[in-house]
file run_14.pdb (PDB, C-alpha atoms, pLDDT in the B column)
ATOM      1  CA  MET A 287      -1.887 -22.191  12.177  1.00 81.00           C
ATOM      2  CA  ARG A 288       1.920 -22.235  12.318  1.00 85.00           C
ATOM      3  CA  ASN A 289       2.169 -19.506   9.648  1.00 87.00           C
ATOM      4  CA  LEU A 290      -0.234 -17.325  11.608  1.00 88.00           C
ATOM      5  CA  THR A 291       1.859 -17.728  14.754  1.00 89.00           C
ATOM      6  CA  ILE A 292       5.052 -16.792  12.903  1.00 87.00           C
ATOM      7  CA  THR A 293       3.353 -13.767  11.347  1.00 87.00           C
ATOM      8  CA  ILE A 294       2.086 -12.551  14.724  1.00 84.00           C
ATOM      9  CA  LEU A 295       5.541 -12.995  16.260  1.00 82.00           C
ATOM     10  CA  MET A 296       7.157 -11.015  13.432  1.00 81.00           C
ATOM     11  CA  ILE A 297       4.649  -8.184  13.883  1.00 78.00           C
ATOM     12  CA  MET A 298       5.342  -8.132  17.629  1.00 74.00           C
ATOM     13  CA  VAL A 299       9.088  -7.936  17.007  1.00 73.00           C
ATOM     14  CA  VAL A 300       8.590  -4.922  14.729  1.00 69.00           C
ATOM     15  CA  ILE A 301       6.348  -3.198  17.268  1.00 67.00           C
ATOM     16  CA  PHE A 302       8.670  -3.796  20.230  1.00 66.00           C
ATOM     17  CA  ALA A 303      11.779  -2.883  18.237  1.00 58.00           C
ATOM     18  CA  GLY A 304      10.172   0.530  17.699  1.00 53.00           C
ATOM     19  CA  CYS A 305      10.547   1.123  21.420  1.00 65.00           C
ATOM     20  CA  SER A 306      14.330   0.731  21.364  1.00 80.00           C
ATOM     21  CA  THR A 307      15.809   4.121  22.354  1.00 87.00           C
ATOM     22  CA  HIS A 308      19.187   5.147  23.784  1.00 92.00           C
ATOM     23  CA  ILE A 309      19.785   8.683  25.054  1.00 94.00           C
ATOM     24  CA  HIS A 310      23.231  10.095  25.802  1.00 95.00           C
ATOM     25  CA  THR A 311      23.558  13.467  27.525  1.00 95.00           C
ATOM     26  CA  ILE A 312      26.728  15.429  26.798  1.00 94.00           C
ATOM     27  CA  GLY A 313      27.571  18.234  29.218  1.00 93.00           C
ATOM     28  CA  ASP A 314      24.386  19.711  30.670  1.00 91.00           C
ATOM     29  CA  GLY A 315      22.236  18.283  27.871  1.00 90.00           C
ATOM     30  CA  ALA A 316      20.128  20.050  25.290  1.00 90.00           C
ATOM     31  CA  SER A 317      19.054  23.588  26.097  1.00 89.00           C
ATOM     32  CA  GLY A 318      16.993  24.278  22.991  1.00 87.00           C
ATOM     33  CA  ASN A 319      15.018  22.654  20.236  1.00 89.00           C
ATOM     34  CA  ASP A 320      17.657  22.812  17.491  1.00 92.00           C
ATOM     35  CA  LYS A 321      17.694  19.253  16.091  1.00 95.00           C
ATOM     36  CA  GLU A 322      19.609  17.441  13.397  1.00 96.00           C
ATOM     37  CA  VAL A 323      18.414  13.995  12.298  1.00 96.00           C
ATOM     38  CA  LYS A 324      20.278  11.367  10.277  1.00 97.00           C
ATOM     39  CA  ARG A 325      19.746   7.682   9.644  1.00 96.00           C
ATOM     40  CA  GLN A 326      22.415   5.005  10.245  1.00 95.00           C
ATOM     41  CA  TRP A 327      22.063   2.082   7.811  1.00 96.00           C
ATOM     42  CA  TYR A 328      23.138  -1.471   8.608  1.00 93.00           C
ATOM     43  CA  VAL A 329      23.138  -4.531   6.328  1.00 93.00           C
ATOM     44  CA  ALA A 330      23.417  -8.277   6.859  1.00 86.00           C
ATOM     45  CA  TYR A 331      21.329  -8.302  10.046  1.00 79.00           C
ATOM     46  CA  GLY A 332      23.334  -5.422  11.536  1.00 79.00           C
ATOM     47  CA  LEU A 333      26.775  -6.933  10.975  1.00 87.00           C
ATOM     48  CA  ALA A 334      28.039  -4.194   8.631  1.00 92.00           C
ATOM     49  CA  THR A 335      27.337  -0.482   8.281  1.00 93.00           C
ATOM     50  CA  LEU A 336      26.624   1.335   5.031  1.00 94.00           C
ATOM     51  CA  ASN A 337      27.348   4.817   6.356  1.00 95.00           C
ATOM     52  CA  GLU A 338      28.839   6.537   9.375  1.00 93.00           C
ATOM     53  CA  VAL A 339      26.892   9.106  11.358  1.00 96.00           C
ATOM     54  CA  ASP A 340      29.262  11.512  13.126  1.00 95.00           C
ATOM     55  CA  THR A 341      27.349  12.900  16.115  1.00 95.00           C
ATOM     56  CA  ARG A 342      30.185  15.296  16.985  1.00 94.00           C
ATOM     57  CA  GLU A 343      29.854  16.833  13.535  1.00 95.00           C
ATOM     58  CA  MET A 344      26.073  16.980  13.952  1.00 95.00           C
ATOM     59  CA  ALA A 345      26.520  18.828  17.272  1.00 94.00           C
ATOM     60  CA  GLY A 346      28.839  21.393  15.707  1.00 92.00           C
ATOM     61  CA  GLU A 347      30.349  23.774  18.244  1.00 92.00           C
ATOM     62  CA  ALA A 348      27.832  22.913  20.966  1.00 92.00           C
ATOM     63  CA  GLU A 349      29.290  21.717  24.259  1.00 92.00           C
ATOM     64  CA  ASN A 350      25.945  20.707  25.760  1.00 95.00           C
ATOM     65  CA  TYR A 351      23.707  18.465  23.703  1.00 96.00           C
ATOM     66  CA  GLU A 352      21.759  15.209  23.684  1.00 97.00           C
ATOM     67  CA  ILE A 353      22.150  12.237  21.346  1.00 97.00           C
ATOM     68  CA  LYS A 354      19.112  10.014  20.854  1.00 96.00           C
ATOM     69  CA  THR A 355      19.501   6.797  18.878  1.00 95.00           C
ATOM     70  CA  GLN A 356      16.263   4.959  18.250  1.00 92.00           C
ATOM     71  CA  THR A 357      14.473   2.489  16.065  1.00 87.00           C
ATOM     72  CA  THR A 358      11.395   4.333  14.846  1.00 87.00           C
ATOM     73  CA  PHE A 359       8.285   2.711  13.395  1.00 82.00           C
ATOM     74  CA  ILE A 360       9.551   3.459   9.868  1.00 89.00           C
ATOM     75  CA  ASP A 361      12.930   1.881  10.715  1.00 87.00           C
ATOM     76  CA  GLY A 362      11.159  -1.218  11.998  1.00 82.00           C
ATOM     77  CA  LEU A 363       8.948  -1.350   8.925  1.00 86.00           C
ATOM     78  CA  ILE A 364      11.960  -1.176   6.590  1.00 89.00           C
ATOM     79  CA  SER A 365      13.645  -3.895   8.607  1.00 86.00           C
ATOM     80  CA  ALA A 366      10.548  -6.112   8.507  1.00 83.00           C
ATOM     81  CA  LEU A 367      10.039  -5.649   4.758  1.00 90.00           C
ATOM     82  CA  THR A 368      13.654  -6.602   4.061  1.00 90.00           C
ATOM     83  CA  THR A 369      13.626  -9.391   6.700  1.00 85.00           C
ATOM     84  CA  SER A 370      16.349  -7.444   8.558  1.00 80.00           C
ATOM     85  CA  LEU A 371      18.802  -7.550   5.660  1.00 90.00           C
ATOM     86  CA  ILE A 372      18.669  -3.759   5.846  1.00 91.00           C
ATOM     87  CA  PHE A 373      18.328  -2.357   9.352  1.00 89.00           C
ATOM     88  CA  PRO A 374      18.196   1.428   9.865  1.00 92.00           C
ATOM     89  CA  ARG A 375      18.389   3.402  13.129  1.00 92.00           C
ATOM     90  CA  THR A 376      17.552   7.084  13.502  1.00 95.00           C
ATOM     91  CA  VAL A 377      20.091   9.358  15.210  1.00 96.00           C
ATOM     92  CA  THR A 378      18.911  12.721  16.545  1.00 97.00           C
ATOM     93  CA  VAL A 379      21.201  15.376  18.044  1.00 97.00           C
ATOM     94  CA  THR A 380      19.413  18.090  20.014  1.00 96.00           C
ATOM     95  CA  LYS A 381      21.424  21.188  20.953  1.00 93.00           C
TER      96      LYS A 381
END
call {"tool": "encode", "arguments": {"input": "run_14.pdb", "output": "structure tokens"}}
result
Amino acid sequence: MRNLTITILMIMVVIFAGCSTHIHTIGDGASGNDKEVKRQWYVAYGLATLNEVDTREMAGEAENYEIKTQTTFIDGLISALTTSLIFPRTVTVTK
């Protein structure tokens, strides 16, 4: 019974983590549908990063854009399968 409870709690954590989204609006925000998507990788339960995602570089010359950082279902699945040793987040810049 205890193992079932732990399993259900882990599944709930993965599902609710998929809802984690932060949106930052730069200038007037996105005016089109031009998107660039990259994944930020963390290790050791999020204590260290494996790569740097430069959102300014992703935006290019745009002065008005939107940055969305989120944990998608796939990110949550990767995290669950590695017991959060590897924790990715998806970064999307919309111009």
call {"tool": "resolve_selection", "arguments": {"input": "run_14.pdb", "expression": "the PyMOL selection byres ((chain A and resi 317) around 10)", "output": "PyMOL selection string"}}
result
chain A and resi 314-316+318-320+350-352+380-381
call {"tool": "closest_residue", "arguments": {"input": "run_14.pdb", "among": "A:Thr378, A:Asn289, A:Ser370, A:Ser306", "to": "Tyr328 in chain A", "atoms": "all atoms listed in the file"}}
result
A:Ser370
call {"tool": "axis_aligned_box", "arguments": {"input": "run_14.pdb", "around": "range 344-355 of chain A", "padding_each_side": "6 Å", "output": "AutoDock Vina command-line options"}}
result
--center_x 24.7 --center_y 15.3 --center_z 19.9 --size_x 23.2 --size_y 29.0 --size_z 23.8
call {"tool": "residues_around", "arguments": {"input": "run_14.pdb", "residues": "Ile364 in chain A", "least_positions_apart": "4", "cutoff": "12 Å", "atoms": "all atoms listed in the file", "output": "ChimeraX atom specification"}}
result
/A:300,303-304,327-329,357-360,368-375
call {"tool": "resolve_selection", "arguments": {"input": "run_14.pdb", "expression": "the PyMOL selection byres ((chain A and resi 377) around 8)", "output": "list in words"}}
result
Val323, Lys324, Arg325, Gln326, Val339, Ile353, Lys354, Thr355, Gln356, Arg375, Thr376, Thr378 and Val379 of chain A
call {"tool": "build_atoms", "arguments": {"input": "run_14.pdb", "residues": "range 336-367 of chain A", "atoms": "N, CA and C atoms", "output": "PDB file, in the coordinates of the input"}}
result
ATOM      1  N   LEU A 336      26.534   0.730   6.362  1.00 94.00           N
ATOM      2  CA  LEU A 336      26.624   1.335   5.031  1.00 94.00           C
ATOM      3  C   LEU A 336      27.138   2.767   5.093  1.00 94.00           C
ATOM      4  N   ASN A 337      26.898   3.440   6.211  1.00 95.00           N
ATOM      5  CA  ASN A 337      27.348   4.817   6.356  1.00 95.00           C
ATOM      6  C   ASN A 337      27.734   5.077   7.810  1.00 95.00           C
ATOM      7  N   GLU A 338      28.466   6.128   8.022  1.00 93.00           N
ATOM      8  CA  GLU A 338      28.839   6.537   9.375  1.00 93.00           C
ATOM      9  C   GLU A 338      28.132   7.834   9.711  1.00 93.00           C
ATOM     10  N   VAL A 339      27.533   7.890  10.874  1.00 96.00           N
ATOM     11  CA  VAL A 339      26.892   9.106  11.358  1.00 96.00           C
ATOM     12  C   VAL A 339      27.799   9.676  12.445  1.00 96.00           C
ATOM     13  N   ASP A 340      28.351  10.859  12.185  1.00 95.00           N
ATOM     14  CA  ASP A 340      29.262  11.512  13.126  1.00 95.00           C
ATOM     15  C   ASP A 340      28.461  12.482  14.001  1.00 95.00           C
ATOM     16  N   THR A 341      28.164  12.067  15.228  1.00 95.00           N
ATOM     17  CA  THR A 341      27.349  12.900  16.115  1.00 95.00           C
ATOM     18  C   THR A 341      28.098  14.153  16.547  1.00 95.00           C
ATOM     19  N   ARG A 342      29.407  14.104  16.627  1.00 94.00           N
ATOM     20  CA  ARG A 342      30.185  15.296  16.985  1.00 94.00           C
ATOM     21  C   ARG A 342      30.038  16.359  15.902  1.00 94.00           C
ATOM     22  N   GLU A 343      30.054  15.911  14.652  1.00 95.00           N
ATOM     23  CA  GLU A 343      29.854  16.833  13.535  1.00 95.00           C
ATOM     24  C   GLU A 343      28.430  17.383  13.546  1.00 95.00           C
ATOM     25  N   MET A 344      27.467  16.545  13.878  1.00 95.00           N
ATOM     26  CA  MET A 344      26.073  16.980  13.952  1.00 95.00           C
ATOM     27  C   MET A 344      25.892  18.014  15.062  1.00 95.00           C
ATOM     28  N   ALA A 345      26.636  17.891  16.150  1.00 94.00           N
ATOM     29  CA  ALA A 345      26.520  18.828  17.272  1.00 94.00           C
ATOM     30  C   ALA A 345      27.194  20.157  16.971  1.00 94.00           C
ATOM     31  N   GLY A 346      28.140  20.158  16.054  1.00 92.00           N
ATOM     32  CA  GLY A 346      28.839  21.393  15.707  1.00 92.00           C
ATOM     33  C   GLY A 346      29.692  21.888  16.863  1.00 92.00           C
ATOM     34  N   GLU A 347      29.560  23.153  17.180  1.00 92.00           N
ATOM     35  CA  GLU A 347      30.349  23.774  18.244  1.00 92.00           C
ATOM     36  C   GLU A 347      29.704  23.631  19.624  1.00 92.00           C
ATOM     37  N   ALA A 348      28.553  23.027  19.692  1.00 92.00           N
ATOM     38  CA  ALA A 348      27.832  22.913  20.966  1.00 92.00           C
ATOM     39  C   ALA A 348      28.604  22.045  21.956  1.00 92.00           C
ATOM     40  N   GLU A 349      28.650  22.489  23.198  1.00 92.00           N
ATOM     41  CA  GLU A 349      29.290  21.717  24.259  1.00 92.00           C
ATOM     42  C   GLU A 349      28.264  20.942  25.075  1.00 92.00           C
ATOM     43  N   ASN A 350      27.030  21.365  25.034  1.00 95.00           N
ATOM     44  CA  ASN A 350      25.945  20.707  25.760  1.00 95.00           C
ATOM     45  C   ASN A 350      24.882  20.273  24.753  1.00 95.00           C
ATOM     46  N   TYR A 351      24.683  18.980  24.645  1.00 96.00           N
ATOM     47  CA  TYR A 351      23.707  18.465  23.703  1.00 96.00           C
ATOM     48  C   TYR A 351      23.283  17.053  24.108  1.00 96.00           C
ATOM     49  N   GLU A 352      22.297  16.531  23.393  1.00 97.00           N
ATOM     50  CA  GLU A 352      21.759  15.209  23.684  1.00 97.00           C
ATOM     51  C   GLU A 352      21.728  14.393  22.392  1.00 97.00           C
ATOM     52  N   ILE A 353      22.176  13.152  22.489  1.00 97.00           N
ATOM     53  CA  ILE A 353      22.150  12.237  21.346  1.00 97.00           C
ATOM     54  C   ILE A 353      21.097  11.173  21.624  1.00 97.00           C
ATOM     55  N   LYS A 354      20.134  11.053  20.713  1.00 96.00           N
ATOM     56  CA  LYS A 354      19.112  10.014  20.854  1.00 96.00           C
ATOM     57  C   LYS A 354      19.201   9.086  19.649  1.00 96.00           C
ATOM     58  N   THR A 355      19.454   7.815  19.915  1.00 95.00           N
ATOM     59  CA  THR A 355      19.501   6.797  18.878  1.00 95.00           C
ATOM     60  C   THR A 355      18.302   5.892  19.095  1.00 95.00           C
ATOM     61  N   GLN A 356      17.483   5.739  18.071  1.00 92.00           N
ATOM     62  CA  GLN A 356      16.263   4.959  18.250  1.00 92.00           C
ATOM     63  C   GLN A 356      15.886   4.214  16.982  1.00 92.00           C
ATOM     64  N   THR A 357      15.090   3.200  17.169  1.00 87.00           N
ATOM     65  CA  THR A 357      14.473   2.489  16.065  1.00 87.00           C
ATOM     66  C   THR A 357      13.040   2.991  16.002  1.00 87.00           C
ATOM     67  N   THR A 358      12.740   3.793  14.999  1.00 87.00           N
ATOM     68  CA  THR A 358      11.395   4.333  14.846  1.00 87.00           C
ATOM     69  C   THR A 358      10.494   3.297  14.168  1.00 87.00           C
ATOM     70  N   PHE A 359       9.220   3.609  14.070  1.00 82.00           N
ATOM     71  CA  PHE A 359       8.285   2.711  13.395  1.00 82.00           C
ATOM     72  C   PHE A 359       8.706   2.492  11.953  1.00 82.00           C
ATOM     73  N   ILE A 360       9.119   3.567  11.267  1.00 89.00           N
ATOM     74  CA  ILE A 360       9.551   3.459   9.868  1.00 89.00           C
ATOM     75  C   ILE A 360      10.787   2.576   9.766  1.00 89.00           C
ATOM     76  N   ASP A 361      11.738   2.732  10.701  1.00 87.00           N
ATOM     77  CA  ASP A 361      12.930   1.881  10.715  1.00 87.00           C
ATOM     78  C   ASP A 361      12.541   0.410  10.874  1.00 87.00           C
ATOM     79  N   GLY A 362      11.627   0.146  11.775  1.00 82.00           N
ATOM     80  CA  GLY A 362      11.159  -1.218  11.998  1.00 82.00           C
ATOM     81  C   GLY A 362      10.434  -1.775  10.793  1.00 82.00           C
ATOM     82  N   LEU A 363       9.665  -0.926  10.118  1.00 86.00           N
ATOM     83  CA  LEU A 363       8.948  -1.350   8.925  1.00 86.00           C
ATOM     84  C   LEU A 363       9.922  -1.712   7.805  1.00 86.00           C
ATOM     85  N   ILE A 364      10.938  -0.883   7.602  1.00 89.00           N
ATOM     86  CA  ILE A 364      11.960  -1.176   6.590  1.00 89.00           C
ATOM     87  C   ILE A 364      12.651  -2.492   6.918  1.00 89.00           C
ATOM     88  N   SER A 365      12.991  -2.665   8.174  1.00 86.00           N
ATOM     89  CA  SER A 365      13.645  -3.895   8.607  1.00 86.00           C
ATOM     90  C   SER A 365      12.753  -5.112   8.374  1.00 86.00           C
ATOM     91  N   ALA A 366      11.476  -4.991   8.684  1.00 83.00           N
ATOM     92  CA  ALA A 366      10.548  -6.112   8.507  1.00 83.00           C
ATOM     93  C   ALA A 366      10.361  -6.445   7.030  1.00 83.00           C
ATOM     94  N   LEU A 367      10.250  -5.415   6.189  1.00 90.00           N
ATOM     95  CA  LEU A 367      10.039  -5.649   4.758  1.00 90.00           C
ATOM     96  C   LEU A 367      11.255  -6.281   4.089  1.00 90.00           C
TER      97      LEU A 367
END
